[in-house]
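Shown below: data24.txt, with compact mmCIF, C-alpha atoms.
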```
# COMPACT_ATOMS: atom_id res chain seq x y z
CA MET A 1 114.21 104.48 121.54
CA PRO A 2 117.88 105.54 121.42
CA ALA A 3 118.77 109.16 120.93
CA SER A 4 119.39 110.43 117.43
CA PRO A 5 122.94 110.03 116.19
CA ASP A 6 125.27 112.87 117.05
CA ARG A 7 126.03 115.31 114.27
CA ARG A 8 129.38 113.98 113.11
CA PRO A 9 131.48 115.25 110.23
CA PRO A 10 130.70 113.29 107.08
CA GLU A 11 134.31 112.17 106.70
CA GLU A 12 134.05 110.20 109.95
CA TYR A 13 131.48 107.91 108.36
CA CYS A 14 133.92 107.08 105.59
CA MET A 15 136.89 106.26 107.81
CA THR A 16 137.66 102.54 107.86
CA SER A 17 139.78 101.37 110.78
CA ASP A 18 142.45 98.75 110.34
CA THR A 19 140.29 96.33 112.33
CA LYS A 20 137.29 96.83 110.09
CA ARG A 21 139.37 96.77 106.91
CA ALA A 22 140.80 93.43 107.97
CA PHE A 23 137.32 92.12 108.72
CA LEU A 24 136.04 93.15 105.30
CA GLU A 25 138.89 91.29 103.62
CA ARG A 26 138.11 88.25 105.77
CA SER A 27 134.46 88.47 104.74
CA LYS A 28 135.34 88.64 101.06
CA ARG A 29 137.34 85.42 101.37
CA VAL A 30 134.43 83.34 102.65
CA TRP A 31 131.08 85.13 102.19
CA ASN A 32 130.16 87.32 99.19
CA PRO A 33 133.19 88.98 97.65
CA HIS A 34 131.41 90.89 94.90
CA LYS A 35 128.71 92.45 97.05
CA THR A 36 131.19 93.38 99.79
CA GLN A 37 133.54 95.00 97.28
CA GLU A 38 130.70 96.71 95.43
CA TRP A 39 129.61 98.52 98.58
CA GLN A 40 133.20 99.56 99.26
CA ASN A 41 133.47 100.88 95.70
CA ARG A 42 130.38 102.98 96.40
CA GLY A 43 131.93 104.48 99.52
CA VAL A 44 129.77 102.40 101.86
CA ASP A 45 131.50 99.96 104.19
CA ILE A 46 128.81 99.09 106.70
CA VAL A 47 129.32 96.22 109.10
CA LEU A 48 126.43 96.17 111.57
CA ASP A 49 127.38 96.07 115.22
CA THR A 50 125.02 97.04 118.06
CA ARG A 51 121.47 98.02 117.17
CA GLU A 52 118.41 99.34 118.95
CA GLY A 53 115.17 100.98 117.91
CA TYR A 54 115.57 102.62 114.51
CA CYS A 55 119.32 103.08 114.81
CA PHE A 56 122.30 100.79 114.43
CA ASP A 57 126.01 101.20 115.03
CA ASP A 58 128.64 100.43 112.45
CA LEU A 59 131.65 98.38 113.52
CA ASP A 60 133.62 101.64 113.67
CA GLY A 61 131.10 103.15 116.09
CA ALA A 62 129.26 105.47 113.70
CA ARG A 63 125.53 105.42 114.44
CA LEU A 64 123.02 105.50 111.59
CA ILE A 65 119.25 105.96 111.48
CA ASN A 66 117.74 103.06 109.55
CA MET A 67 115.42 104.23 106.77
CA HIS A 68 115.74 101.03 104.79
CA LEU A 69 114.57 98.60 107.48
CA ASN A 70 115.80 95.68 105.36
CA GLY A 71 112.64 95.85 103.27
CA GLY A 72 110.40 96.19 106.31
CA VAL A 73 111.95 93.51 108.54
CA TYR A 74 112.46 96.20 111.17
CA ASN A 75 109.03 97.84 110.98
CA LEU A 76 108.94 97.72 114.79
CA GLY A 77 112.61 98.62 115.18
CA HIS A 78 115.73 96.62 115.85
CA ARG A 79 115.53 94.23 118.77
CA ASN A 80 112.03 95.29 119.76
CA PRO A 81 111.88 94.47 123.49
CA GLU A 82 108.30 93.17 123.35
CA VAL A 83 109.11 90.77 120.53
CA ILE A 84 112.25 89.61 122.31
CA ALA A 85 110.24 89.04 125.50
CA ALA A 86 107.62 87.01 123.59
CA VAL A 87 110.29 84.82 121.99
CA THR A 88 112.18 84.42 125.27
CA GLU A 89 109.01 83.30 127.02
CA ALA A 90 108.15 80.89 124.18
CA MET A 91 111.59 79.32 124.39
CA GLN A 92 110.83 78.15 127.91
CA HIS A 93 108.34 75.71 126.40
CA PHE A 94 108.74 75.53 122.61
CA ASP A 95 111.41 75.01 120.01
CA ILE A 96 111.14 74.90 116.20
CA GLY A 97 108.59 72.13 116.46
CA ASN A 98 107.76 69.40 113.95
CA HIS A 99 106.20 70.44 110.66
CA HIS A 100 104.37 67.13 110.28
CA PHE A 101 102.04 67.62 113.24
CA PRO A 102 99.44 70.15 114.39
CA SER A 103 100.99 72.82 116.59
CA LEU A 104 99.58 75.05 119.31
CA MET A 105 101.63 78.03 118.16
CA ARG A 106 101.04 77.56 114.42
CA THR A 107 97.31 77.23 114.95
CA GLU A 108 97.18 80.33 117.15
CA LEU A 109 99.14 82.35 114.59
CA ALA A 110 97.03 81.02 111.71
CA GLU A 111 93.88 82.10 113.53
CA ALA A 112 95.36 85.55 114.15
CA LEU A 113 96.46 85.98 110.54
CA VAL A 114 93.14 84.86 109.09
CA ALA A 115 91.39 87.31 111.41
CA THR A 116 93.33 90.20 109.83
CA ALA A 117 91.81 89.34 106.44
CA PRO A 118 88.31 87.92 107.07
CA HIS A 119 87.90 86.71 103.49
CA MET A 120 90.79 84.27 103.97
CA ASP A 121 90.41 80.73 105.35
CA TYR A 122 93.88 79.22 105.74
CA ALA A 123 97.45 80.19 106.60
CA ILE A 124 100.29 78.20 105.03
CA PHE A 125 103.70 78.80 106.60
CA ALA A 126 107.17 79.24 105.15
CA SER A 127 110.57 80.24 106.47
CA GLY A 128 110.95 83.24 104.15
CA GLY A 129 109.19 85.38 101.55
CA GLY A 130 110.61 83.63 98.47
CA GLU A 131 109.46 80.25 99.70
CA ALA A 132 106.03 81.69 100.50
CA ILE A 133 105.77 83.10 96.97
CA ASP A 134 106.62 79.67 95.58
CA ILE A 135 103.86 78.16 97.72
CA ALA A 136 101.34 80.71 96.44
CA LEU A 137 102.27 80.11 92.80
CA LYS A 138 102.13 76.31 93.18
CA THR A 139 98.80 76.68 94.95
CA ALA A 140 97.39 78.75 92.08
CA ARG A 141 98.57 76.23 89.51
CA HIS A 142 96.95 73.39 91.42
CA ALA A 143 93.64 75.21 91.94
CA THR A 144 93.26 76.28 88.30
CA ARG A 145 95.04 73.34 86.62
CA ARG A 146 96.88 75.95 84.55
CA ARG A 147 100.62 76.69 84.40
CA ARG A 148 101.08 80.23 83.07
CA ILE A 149 101.91 82.94 85.61
CA VAL A 150 101.40 86.64 84.86
CA SER A 151 103.51 89.21 86.71
CA LEU A 152 104.82 92.72 86.17
CA GLU A 153 107.86 93.98 84.33
CA ASN A 154 110.58 95.07 86.75
CA CYS A 155 108.96 93.24 89.63
CA TYR A 156 110.61 91.35 92.46
CA HIS A 157 109.21 88.37 94.37
CA GLY A 158 112.30 86.66 95.77
CA HIS A 159 115.11 84.39 94.63
CA THR A 160 113.69 80.89 94.92
CA GLY A 161 112.58 78.68 92.01
CA LEU A 162 109.25 80.03 90.80
CA ALA A 163 109.63 83.39 92.56
CA VAL A 164 112.79 84.35 90.68
CA GLN A 165 111.26 83.35 87.33
CA ALA A 166 108.25 85.56 88.00
CA GLY A 167 110.54 88.53 88.72
CA ALA A 168 112.88 90.77 86.77
CA PRO A 169 115.50 89.10 84.52
CA ARG A 170 118.15 90.93 86.58
CA PHE A 171 117.92 88.18 89.21
CA ALA A 172 117.03 85.16 87.03
CA ASP A 173 119.27 85.22 84.00
CA ILE A 174 122.57 84.85 85.87
CA PHE A 175 121.45 81.44 87.15
CA LEU A 176 120.03 80.32 83.77
CA CYS A 177 116.53 80.59 85.23
CA GLU A 178 115.11 82.45 82.24
CA PRO A 179 111.36 81.75 82.31
CA SER A 180 109.81 80.05 79.32
CA PRO A 181 107.33 82.41 77.57
CA ASP A 182 104.57 79.82 77.62
CA GLU A 183 104.75 79.64 81.42
CA PHE A 184 105.59 83.21 82.46
CA THR A 185 104.29 86.48 81.06
CA GLN A 186 105.24 89.96 82.24
CA VAL A 187 103.31 93.13 81.54
CA PRO A 188 103.89 96.83 82.34
CA PHE A 189 102.53 98.20 85.60
CA ASN A 190 99.33 100.27 85.35
CA ASP A 191 98.65 98.98 81.81
CA LEU A 192 95.20 97.37 81.85
CA ALA A 193 95.17 96.65 78.13
CA ALA A 194 98.39 94.66 78.43
CA MET A 195 97.03 92.81 81.46
CA GLU A 196 93.83 91.86 79.62
CA ALA A 197 95.83 90.68 76.64
CA ALA A 198 97.88 88.45 78.95
CA LEU A 199 94.75 86.94 80.51
CA ALA A 200 92.37 86.77 77.57
CA GLY A 201 93.60 83.38 76.37
CA GLY A 202 92.10 81.80 79.47
CA ASP A 203 95.24 79.80 80.26
CA ALA A 204 96.73 81.90 83.11
CA ALA A 205 96.78 80.37 86.58
CA CYS A 206 97.25 83.68 88.33
CA VAL A 207 98.39 87.25 88.37
CA ILE A 208 100.96 88.01 91.06
CA MET A 209 101.75 91.61 91.96
CA GLU A 210 103.32 93.54 94.78
CA THR A 211 100.57 95.96 95.74
CA ILE A 212 103.19 98.71 95.39
CA PRO A 213 106.31 97.38 93.61
CA ALA A 214 109.13 97.95 96.08
CA THR A 215 112.33 97.10 94.24
CA TYR A 216 111.10 99.13 91.26
CA GLY A 217 110.95 102.22 93.45
CA PHE A 218 107.35 102.16 94.74
CA PRO A 219 105.44 103.34 91.67
CA MET A 220 101.86 103.84 92.84
CA PRO A 221 98.92 102.02 91.27
CA GLU A 222 96.66 104.35 89.34
CA PRO A 223 93.15 104.83 90.76
CA GLY A 224 91.06 101.75 90.07
CA TYR A 225 93.93 99.76 88.54
CA LEU A 226 94.21 96.98 91.13
CA ALA A 227 90.45 96.52 91.33
CA ALA A 228 90.29 96.31 87.54
CA VAL A 229 93.03 93.65 87.51
CA LYS A 230 91.05 91.64 90.06
CA ALA A 231 87.97 91.93 87.84
CA LEU A 232 89.99 90.69 84.85
CA CYS A 233 91.20 87.72 86.91
CA GLU A 234 87.61 86.83 87.74
CA ARG A 235 86.53 87.21 84.12
CA TYR A 236 89.23 84.92 82.78
CA GLY A 237 89.44 82.42 85.64
CA ALA A 238 92.85 83.40 87.06
CA LEU A 239 93.65 83.84 90.74
CA TYR A 240 94.93 87.14 92.16
CA ILE A 241 98.00 86.87 94.40
CA ALA A 242 98.87 89.95 96.46
CA ASP A 243 102.55 90.04 97.40
CA GLU A 244 102.50 92.02 100.65
CA VAL A 245 105.94 90.96 101.87
CA GLN A 246 107.21 94.56 101.81
CA THR A 247 103.97 96.56 101.76
CA GLY A 248 101.87 94.84 104.42
CA LEU A 249 101.75 94.91 108.22
CA MET A 250 100.40 98.46 108.61
CA ARG A 251 102.96 100.27 106.47
CA THR A 252 100.19 102.05 104.53
CA GLY A 253 97.96 102.57 107.57
CA SER A 254 95.99 99.43 106.69
CA MET A 255 97.06 96.00 107.88
CA TRP A 256 97.43 95.00 104.25
CA ALA A 257 98.02 97.62 101.56
CA ILE A 258 95.69 95.80 99.17
CA THR A 259 92.76 96.41 101.54
CA GLY A 260 93.18 100.15 101.10
CA TYR A 261 92.61 99.70 97.38
CA GLY A 262 89.35 97.82 97.93
CA VAL A 263 90.62 94.51 96.58
CA GLU A 264 90.18 91.05 98.11
CA PRO A 265 92.89 88.77 96.70
CA ASP A 266 92.61 85.00 96.43
CA LEU A 267 96.03 84.54 98.03
CA LEU A 268 98.11 86.99 100.06
CA VAL A 269 101.79 86.59 100.93
CA THR A 270 103.45 88.14 103.99
CA GLY A 271 106.95 87.89 105.42
CA LYS A 272 109.89 90.11 106.41
CA GLY A 273 108.28 92.25 109.14
CA LEU A 274 106.23 89.29 110.35
CA SER A 275 109.46 88.09 111.95
CA GLY A 276 109.79 91.16 114.13
CA GLY A 277 113.42 91.10 113.01
CA ILE A 278 114.00 88.31 115.52
CA TYR A 279 113.01 84.96 113.99
CA PRO A 280 112.37 84.26 110.28
CA ILE A 281 108.81 83.39 109.32
CA ALA A 282 106.50 84.01 106.35
CA ALA A 283 103.00 82.94 105.39
CA VAL A 284 100.48 82.60 102.59
CA LEU A 285 96.87 83.44 103.39
CA ALA A 286 94.45 81.62 101.13
CA ARG A 287 90.77 81.34 100.35
CA ALA A 288 89.54 77.77 100.67
CA GLU A 289 88.64 77.58 96.96
CA ALA A 290 92.10 78.83 96.02
CA ALA A 291 93.92 76.12 98.01
CA PRO A 292 92.06 72.81 97.58
CA TRP A 293 95.29 70.85 97.95
CA LEU A 294 95.10 71.43 101.71
CA ASN A 295 92.11 69.09 101.78
CA GLU A 296 93.37 66.72 99.09
CA ASP A 297 97.02 66.06 99.93
CA GLY A 298 98.45 67.94 102.89
CA TRP A 299 101.86 66.39 102.22
CA ALA A 300 102.12 68.18 98.87
CA HIS A 301 104.21 70.98 100.35
CA MET A 302 106.42 70.59 103.39
CA SER A 303 108.75 73.08 105.04
CA THR A 304 110.91 71.95 107.95
CA PHE A 305 111.29 75.47 109.32
CA GLY A 306 108.06 76.93 107.93
CA GLY A 307 105.98 78.08 110.87
CA ALA A 308 108.70 77.32 113.42
CA GLU A 309 106.99 77.66 116.78
CA ILE A 310 109.46 80.22 118.12
CA GLY A 311 108.85 82.28 114.99
CA CYS A 312 105.11 82.03 115.58
CA ALA A 313 105.60 83.65 118.99
CA ALA A 314 107.43 86.56 117.36
CA ALA A 315 104.78 86.93 114.66
CA LEU A 316 101.91 86.90 117.15
CA LYS A 317 103.48 89.79 119.04
CA VAL A 318 104.15 91.64 115.75
CA LEU A 319 100.48 91.37 114.79
CA GLU A 320 99.35 92.55 118.21
CA ILE A 321 101.66 95.58 118.26
CA SER A 322 100.92 96.50 114.64
CA GLN A 323 97.15 96.57 115.22
CA ARG A 324 97.18 98.68 118.38
CA PRO A 325 95.23 101.93 118.08
CA GLU A 326 98.30 103.89 119.15
CA THR A 327 100.36 102.26 116.39
CA ARG A 328 97.76 103.16 113.77
CA ALA A 329 97.66 106.71 115.11
CA ASN A 330 101.45 107.00 114.98
CA VAL A 331 101.55 105.75 111.38
CA ALA A 332 98.95 108.35 110.41
CA ALA A 333 100.81 111.16 112.20
CA LEU A 334 104.17 110.19 110.73
CA SER A 335 102.66 109.93 107.28
CA ASP A 336 101.29 113.45 107.56
CA TYR A 337 104.62 114.74 108.85
CA PHE A 338 106.63 113.22 105.99
CA GLU A 339 104.13 114.49 103.43
CA ARG A 340 104.65 118.07 104.65
CA ALA A 341 108.39 117.83 105.21
CA LEU A 342 109.17 116.16 101.90
CA SER A 343 107.02 118.67 100.03
CA GLU A 344 109.10 121.48 101.53
CA LEU A 345 112.35 119.74 100.58
CA GLN A 346 111.05 119.18 97.07
CA GLN A 347 110.42 122.90 96.70
CA LYS A 348 113.85 123.72 98.13
CA HIS A 349 115.64 121.31 95.79
CA ALA A 350 113.44 121.85 92.74
CA GLY A 351 114.94 120.58 89.52
CA PHE A 352 116.71 117.67 91.21
CA PHE A 353 114.37 116.26 93.86
CA THR A 354 111.42 115.97 91.53
CA GLY A 355 108.77 113.79 93.16
CA VAL A 356 107.53 111.70 96.05
CA ARG A 357 105.74 108.38 95.63
CA ARG A 358 103.95 107.77 98.90
CA ASN A 359 101.26 105.72 100.56
CA GLY A 360 101.50 105.96 104.33
CA LEU A 361 105.07 105.14 105.31
CA ILE A 362 105.90 103.60 101.93
CA MET A 363 107.90 106.30 100.15
CA GLY A 364 109.98 106.55 97.01
CA LEU A 365 111.91 109.78 96.39
CA GLU A 366 112.42 110.65 92.72
CA PHE A 367 115.49 112.43 91.37
CA ASP A 368 116.07 114.03 87.98
CA HIS A 369 118.95 111.79 86.96
CA PRO A 370 118.76 108.16 85.79
CA ARG A 371 120.94 107.10 88.73
CA GLY A 372 120.26 110.08 90.97
CA ALA A 373 119.39 108.05 94.08
CA GLU A 374 122.82 106.41 94.15
CA PRO A 375 124.79 109.51 95.26
CA VAL A 376 121.91 110.35 97.62
CA THR A 377 122.35 106.93 99.23
CA ARG A 378 126.05 107.56 99.78
CA ALA A 379 125.55 111.14 101.00
CA LEU A 380 122.91 109.99 103.47
CA TYR A 381 125.31 107.34 104.74
CA GLU A 382 127.95 110.01 105.22
CA HIS A 383 125.44 112.02 107.25
CA GLY A 384 124.22 109.20 109.47
CA VAL A 385 121.18 107.77 107.66
CA TRP A 386 120.87 104.46 105.86
CA ALA A 387 118.47 104.37 102.91
CA ILE A 388 119.01 102.63 99.61
CA PHE A 389 118.41 103.35 95.93
CA SER A 390 115.94 101.10 94.13
CA ALA A 391 117.77 98.23 92.45
CA LEU A 392 115.49 98.24 89.40
CA ASN A 393 115.19 102.04 89.14
CA PRO A 394 118.18 103.87 90.68
CA ALA A 395 116.56 107.25 90.01
CA VAL A 396 114.37 106.50 93.05
CA LEU A 397 115.40 106.26 96.69
CA GLN A 398 113.51 103.78 98.86
CA PHE A 399 112.58 105.71 102.01
CA LYS A 400 111.03 103.59 104.74
CA ALA A 401 110.07 104.92 108.15
CA GLY A 402 109.26 102.53 110.97
CA LEU A 403 105.79 102.21 112.45
CA LEU A 404 106.91 103.27 115.93
CA MET A 405 109.33 106.06 114.94
CA ASP A 406 108.73 109.32 116.79
CA GLU A 407 108.50 112.71 115.10
CA ALA A 408 111.73 113.99 116.66
CA LEU A 409 113.72 111.23 114.96
CA ALA A 410 111.77 111.79 111.74
CA ALA A 411 112.68 115.49 111.84
CA ASP A 412 116.33 114.56 112.31
CA VAL A 413 116.11 112.32 109.25
CA ILE A 414 114.64 115.15 107.19
CA ALA A 415 117.40 117.54 108.27
CA ARG A 416 120.05 115.05 107.22
CA LEU A 417 118.23 114.33 103.96
CA ASP A 418 118.26 118.04 103.17
CA VAL A 419 122.06 118.16 103.44
CA ALA A 420 122.50 114.87 101.58
CA ILE A 421 120.38 115.96 98.60
CA GLU A 422 122.43 119.12 98.24
CA ALA A 423 125.66 117.14 98.41
CA ALA A 424 124.47 114.61 95.83
CA ARG A 425 123.28 117.35 93.50
CA ALA A 426 126.68 119.07 93.68
CA GLU A 427 128.46 115.77 93.03
CA LEU A 428 126.41 115.08 89.90
CA ALA A 429 126.87 118.64 88.67
CA ALA A 430 130.64 118.33 89.03
CA ALA A 431 130.82 114.97 87.27
```
Just give me the structure as C-alpha cells.
Amino acid sequence: MPASPDRRPPEEYCMTSDTKRAFLERSKRVWNPHKTQEWQNRGVDIVLDTREGYCFDDLDGARLINMHLNGGVYNLGHRNPEVIAAVTEAMQHFDIGNHHFPSLMRTELAEALVATAPHMDYAIFASGGGEAIDIALKTARHATRRRRIVSLENCYHGHTGLAVQAGAPRFADIFLCEPSPDEFTQVPFNDLAAMEAALAGGDAACVIMETIPATYGFPMPEPGYLAAVKALCERYGALYIADEVQTGLMRTGSMWAITGYGVEPDLLVTGKGLSGGIYPIAAVLARAEAAPWLNEDGWAHMSTFGGAEIGCAAALKVLEISQRPETRANVAALSDYFERALSELQQKHAGFFTGVRRNGLIMGLEFDHPRGAEPVTRALYEHGVWAIFSALNPAVLQFKAGLLMDEALAADVIARLDVAIEAARAELAAA
C-alpha cells in the first residue's frame, strides 16, 4: 500500500501544465469532448497516470486517494499484485478462449460463483455489467413468457439495450430509448404499495433492483422492504433480479448485499469489482427454474468476450481474496471506524453535513443543499481525495472505501474530508 499523499496546497491540484492542457485538447478532438470539458468546467482535470493500492497519480504528479473506486472496480485496490500474478500465470496457458465451447476456467469460476450463493445453479458470463443486466432481463422474460419489467425510479443498471430502458430517463432519452409504458414500469424506492400496484396485474416478468441504489446516492432499503418485494414477486409470478454490480463482493460485509437482507433472488448480477480492475468480466447467477433457456437453446445468447478465460483467472482470485477471514475482519473494522469518524464530522459540520447513508463500506454523505455534494467533490479533489457526487441526486456524495484499506489511510481521508466540507460550505454561503 503506498503512503498517503503528501499534504499539498490545494492550488497545486488545480494547476494544469502545458503538457496536460495539450493532452486534454487532444482528447477532446477524438474521445469525449463534452465530458472532458465538463470536468474542466468543474475545476477537475484528472488524467490518470501511475496507480497503486488506493491511490493514483494525476498526469501532473498530484496523488489522490481513491474513494470512488470506479463504482467498486477497485475494491481490492489499483493493480492488486495478487490479481496481476493470477492473470500473468493464466496467460502462460490461456487466452480469451472460445465462447462456443466448454472451458476449464469458465467452469471453475462458475463453480466458485455458485458456491457463494448456494441457492443458485448456473453462472452466465458477460463482458460488462450492462450486458449482464440485459442477459438477466431476457432470461426473466423467457422464463415467465411475460415482457413487462418493473424497476425503480432514479435507478441505474447500465447503458445497453434493455438495461438503459430499465434505468433513469437521464441516460435513455438522449438516444431515443424511451421505454414503452406497457413494457417498462418504474416505481418509487421503499414504496410497497406502488410495487404491489405494478405487479398486481400478473403480467410482469420481473422486478430488478440494485440492493442499495448507487447512482441515486445509496438510499437504504427500509427494514423488511426487500423481503416484502420478494414476497410480492412470488405472489404475482414475477422473478426478482438483484443488481449487485456495485453493492456486491463483500462491500457490506456479506458477499452479496442482498444476503444481509435475508432475500434469495431468482437472478443476481455481478460485475465491476469481479474484474479485480485488471480484466473486464461480469456474470449472472441464476436458479435453474429462472433460466430454462440454458437447457432449451444454449445458443440463444452468445458473448464473444463474456467469460474470457483470462478474466476468469482475475475473478477467481478476487473471490478468494474477498472471502478471506482477514478481509471480512478488515471490512468490519473499517465500517466501525467510518461510522464513528463520520458521526463526529456530522456534529462538527451540523446544518450542512446532515446525514450518512451506510451499510458496511457503502456510504452516501448527505448535504443540506440540492447540489451540495458537487462543491464537496471539487474541494476533496483539491485536497487529494477523489470521490464523486451522485449523478441522480447531487445532494449526496458517493463515498466508497476499499476492502483492504488500512485505518491510517482512512483517517487521512477523514482529515481531508473535514477540510473539504468546510471549504464547500463557505463556497455555497458566498454564492
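The space separating atom CA of A:Phe218 from atom CA of A:Val396 comes to 8.4 Å.
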Closest atom pairs, stretch 223-246 of chain A residues within 12 Å of stretch 112-132 of chain A, all atoms listed in the file, as CSV:
```
residue,atom,partner,partner_atom,distance
A:Ile241,CA,A:Ala132,CA,11.3
A:Ala242,CA,A:Ala132,CA,11.7
A:Asp243,CA,A:Gly129,CA,9.1
A:Glu244,CA,A:Gly129,CA,9.5
A:Val245,CA,A:Gly129,CA,6.5
A:Gln246,CA,A:Gly129,CA,9.4
```
_Need the shell around stretch 67-69 of chain A: protein/DNA/RNA residues with any atom at most 7 Å away, counting only C-alpha atoms. Skip same-chain ones fewer than 2 positions apart. Format as a VMD selection string?_
chain A and resid 65 71 to 75 385 to 388 398 to 401
*Find, counting all atoms listed in the file, the residue in A:Val413, A:Ile96, A:Val83, A:Ala163 that gets nearest to A:Ile321.*
A:Val83
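Atom pair atom CA of A:Ile421 / atom CA of A:Leu392: separated by 20.6 Å.
You can rank A:Pro81, A:Gly224, A:Gly253, A:Gly277 by their closest distance to A:Leu361 using only C-alpha atoms, and at the top of that list sits A:Gly253.
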*asked:* I'd like to know which of A:Asp173, A:Gly384, A:Leu268, A:Ala214 is closest to A:Phe56, using only C-alpha atoms.
replied: A:Gly384
*Test item: residues at most 8 Å from A:Glu178, only C-alpha atoms, excluding those fewer than 3 positions along its chain, as a ChimeraX atom specification*: /A:165,169,172-173
*asked:* Could you tell me how far atom CA of A:Leu380 sits from atom CA of A:Ala62, in Å to one decimal place?
replied: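 Atom-to-atom, atom CA of A:Ala62 to atom CA of A:Leu380, that is 12.9 Å.
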Report the closest atom pair, with its distance in Å rounded to one decimal, for each residue of stretch 54-132 of chain A that has an atom no farther than 10 Å from stretch 302-312 of chain A; count all atoms listed in the file, sort by chain and then rising residue number, and write it as a Markdown table.
```
| residue | atom | partner | partner_atom | distance |
| --- | --- | --- | --- | --- |
| A:Ala86 | CA | A:Ile310 | CA | 8.9 |
| A:Val87 | CA | A:Ile310 | CA | 6.1 |
| A:Thr88 | CA | A:Ile310 | CA | 8.7 |
| A:Glu89 | CA | A:Ile310 | CA | 9.4 |
| A:Ala90 | CA | A:Ile310 | CA | 6.2 |
| A:Met91 | CA | A:Ile310 | CA | 6.7 |
| A:His93 | CA | A:Ile310 | CA | 9.5 |
| A:Phe94 | CA | A:Glu309 | CA | 6.4 |
| A:Asp95 | CA | A:Ile310 | CA | 5.9 |
| A:Ile96 | CA | A:Ala308 | CA | 4.4 |
| A:Gly97 | CA | A:Glu309 | CA | 5.8 |
| A:Asn98 | CA | A:Thr304 | CA | 7.2 |
| A:His99 | CA | A:Thr304 | CA | 5.6 |
| A:His100 | CA | A:Met302 | CA | 8.0 |
| A:Ser103 | CA | A:Glu309 | CA | 7.7 |
| A:Leu104 | CA | A:Glu309 | CA | 8.3 |
| A:Met105 | CA | A:Glu309 | CA | 5.5 |
| A:Arg106 | CA | A:Gly307 | CA | 6.1 |
| A:Thr107 | CA | A:Cys312 | CA | 9.2 |
| A:Glu108 | CA | A:Cys312 | CA | 8.3 |
| A:Leu109 | CA | A:Cys312 | CA | 6.1 |
| A:Ala110 | CA | A:Cys312 | CA | 9.0 |
| A:Ala123 | CA | A:Gly307 | CA | 9.8 |
| A:Ile124 | CA | A:Gly307 | CA | 8.2 |
| A:Phe125 | CA | A:Gly307 | CA | 4.9 |
| A:Ala126 | CA | A:Gly306 | CA | 3.7 |
| A:Ser127 | CA | A:Gly306 | CA | 4.4 |
| A:Gly128 | CA | A:Gly306 | CA | 7.9 |
| A:Glu131 | CA | A:Ser303 | CA | 9.0 |
| A:Ala132 | CA | A:Gly306 | CA | 9.1 |
```
*asked:* I'd like to know which of A:Gly276, A:Gly248, A:Pro219, A:Pro33 is closest to A:Arg79, using all atoms listed in the file.
replied: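 Selected residue with least distance to A:Arg79: A:Gly276.
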*Which residues, written as an MDAnalysis selection string, have at least one atom at most 10 Å from A:Ala140, with all atoms listed in the file counted and residues fewer than 4 positions away on the same chain left out?*
chainID A and resid 134:136 144:149 204:208 238:241 266:267 286 290:292
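When only C-alpha atoms are used to measure the gap to A:Arg21, the shortest distance among A:Ala410, A:Gln40, A:Glu222, A:Tyr279 belongs to A:Gln40.
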Which residues are close to A:Ala168, i.e. within 12 Å by all atoms listed in the file, leaving aside same-chain residues fewer than 6 positions away? Reply as a tab-separated table (two decimals) with C-alpha atoms, keeping the file's coordinate frame.
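And here is the file that came out, selection-v6.tsv:
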```
chain	number	residue	atom	x	y	z
A	151	SER	CA	103.51	89.21	86.71
A	152	LEU	CA	104.82	92.72	86.17
A	153	GLU	CA	107.86	93.98	84.33
A	154	ASN	CA	110.58	95.07	86.75
A	155	CYS	CA	108.96	93.24	89.63
A	156	TYR	CA	110.61	91.35	92.46
A	157	HIS	CA	109.21	88.37	94.37
A	158	GLY	CA	112.30	86.66	95.77
A	159	HIS	CA	115.11	84.39	94.63
A	174	ILE	CA	122.57	84.85	85.87
A	177	CYS	CA	116.53	80.59	85.23
A	178	GLU	CA	115.11	82.45	82.24
A	179	PRO	CA	111.36	81.75	82.31
A	184	PHE	CA	105.59	83.21	82.46
A	185	THR	CA	104.29	86.48	81.06
A	186	GLN	CA	105.24	89.96	82.24
A	187	VAL	CA	103.31	93.13	81.54
A	188	PRO	CA	103.89	96.83	82.34
A	213	PRO	CA	106.31	97.38	93.61
A	215	THR	CA	112.33	97.10	94.24
A	216	TYR	CA	111.10	99.13	91.26
A	391	ALA	CA	117.77	98.23	92.45
A	392	LEU	CA	115.49	98.24	89.40
A	393	ASN	CA	115.19	102.04	89.14
```
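Between A:Ile414 and the candidates A:Leu199, A:Leu397, A:Leu345, A:Ala426, the tightest atom-to-atom separation, counting all atoms listed in the file, involves A:Leu345.
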*Considering only C-alpha atoms, return as a list in words whatever protein or nucleic-acid residues lie within 9 Å of A:Gly61, sequence-local ones (same chain, fewer than 3 positions apart) excluded.*
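Within the cut-off, the hits are Asp49, Thr50, Asp57 and Asp58 of chain A.
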Hey, can I get the axis-aligned box for stretch 91-110 of chain A? All listed atoms, 3 Å padding on each side, centre and edge lengths in Å to one decimal, as lines of an AutoDock Vina configuration file.
```
center_x = 104.3
center_y = 74.7
center_z = 119.1
size_x = 20.6
size_y = 21.2
size_z = 23.6
```
Subset file: stretch 99-104 of chain A, N, CA and C atoms, as a short mmCIF file (atom, residue, chain, number, x, y, z; two decimals), in the first residue's frame:
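This is the output file part34.cif:
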```cif
data_model
loop_
_atom_site.label_atom_id
_atom_site.label_comp_id
_atom_site.auth_asym_id
_atom_site.auth_seq_id
_atom_site.Cartn_x
_atom_site.Cartn_y
_atom_site.Cartn_z
N HIS A 99 -16.05 -18.82 -26.96
CA HIS A 99 -17.30 -18.83 -26.21
C HIS A 99 -18.24 -19.96 -26.61
N HIS A 100 -17.95 -20.65 -27.70
CA HIS A 100 -18.82 -21.74 -28.14
C HIS A 100 -18.60 -23.04 -27.35
N PHE A 101 -17.43 -23.17 -26.73
CA PHE A 101 -17.07 -24.48 -26.16
C PHE A 101 -16.93 -24.43 -24.64
N PRO A 102 -17.11 -25.57 -23.98
CA PRO A 102 -16.82 -25.62 -22.54
C PRO A 102 -15.38 -25.16 -22.29
N SER A 103 -15.17 -24.60 -21.13
CA SER A 103 -13.87 -24.01 -20.79
C SER A 103 -13.48 -24.38 -19.38
N LEU A 104 -12.24 -24.77 -19.18
CA LEU A 104 -11.74 -25.08 -17.84
C LEU A 104 -11.92 -23.89 -16.91
#
```
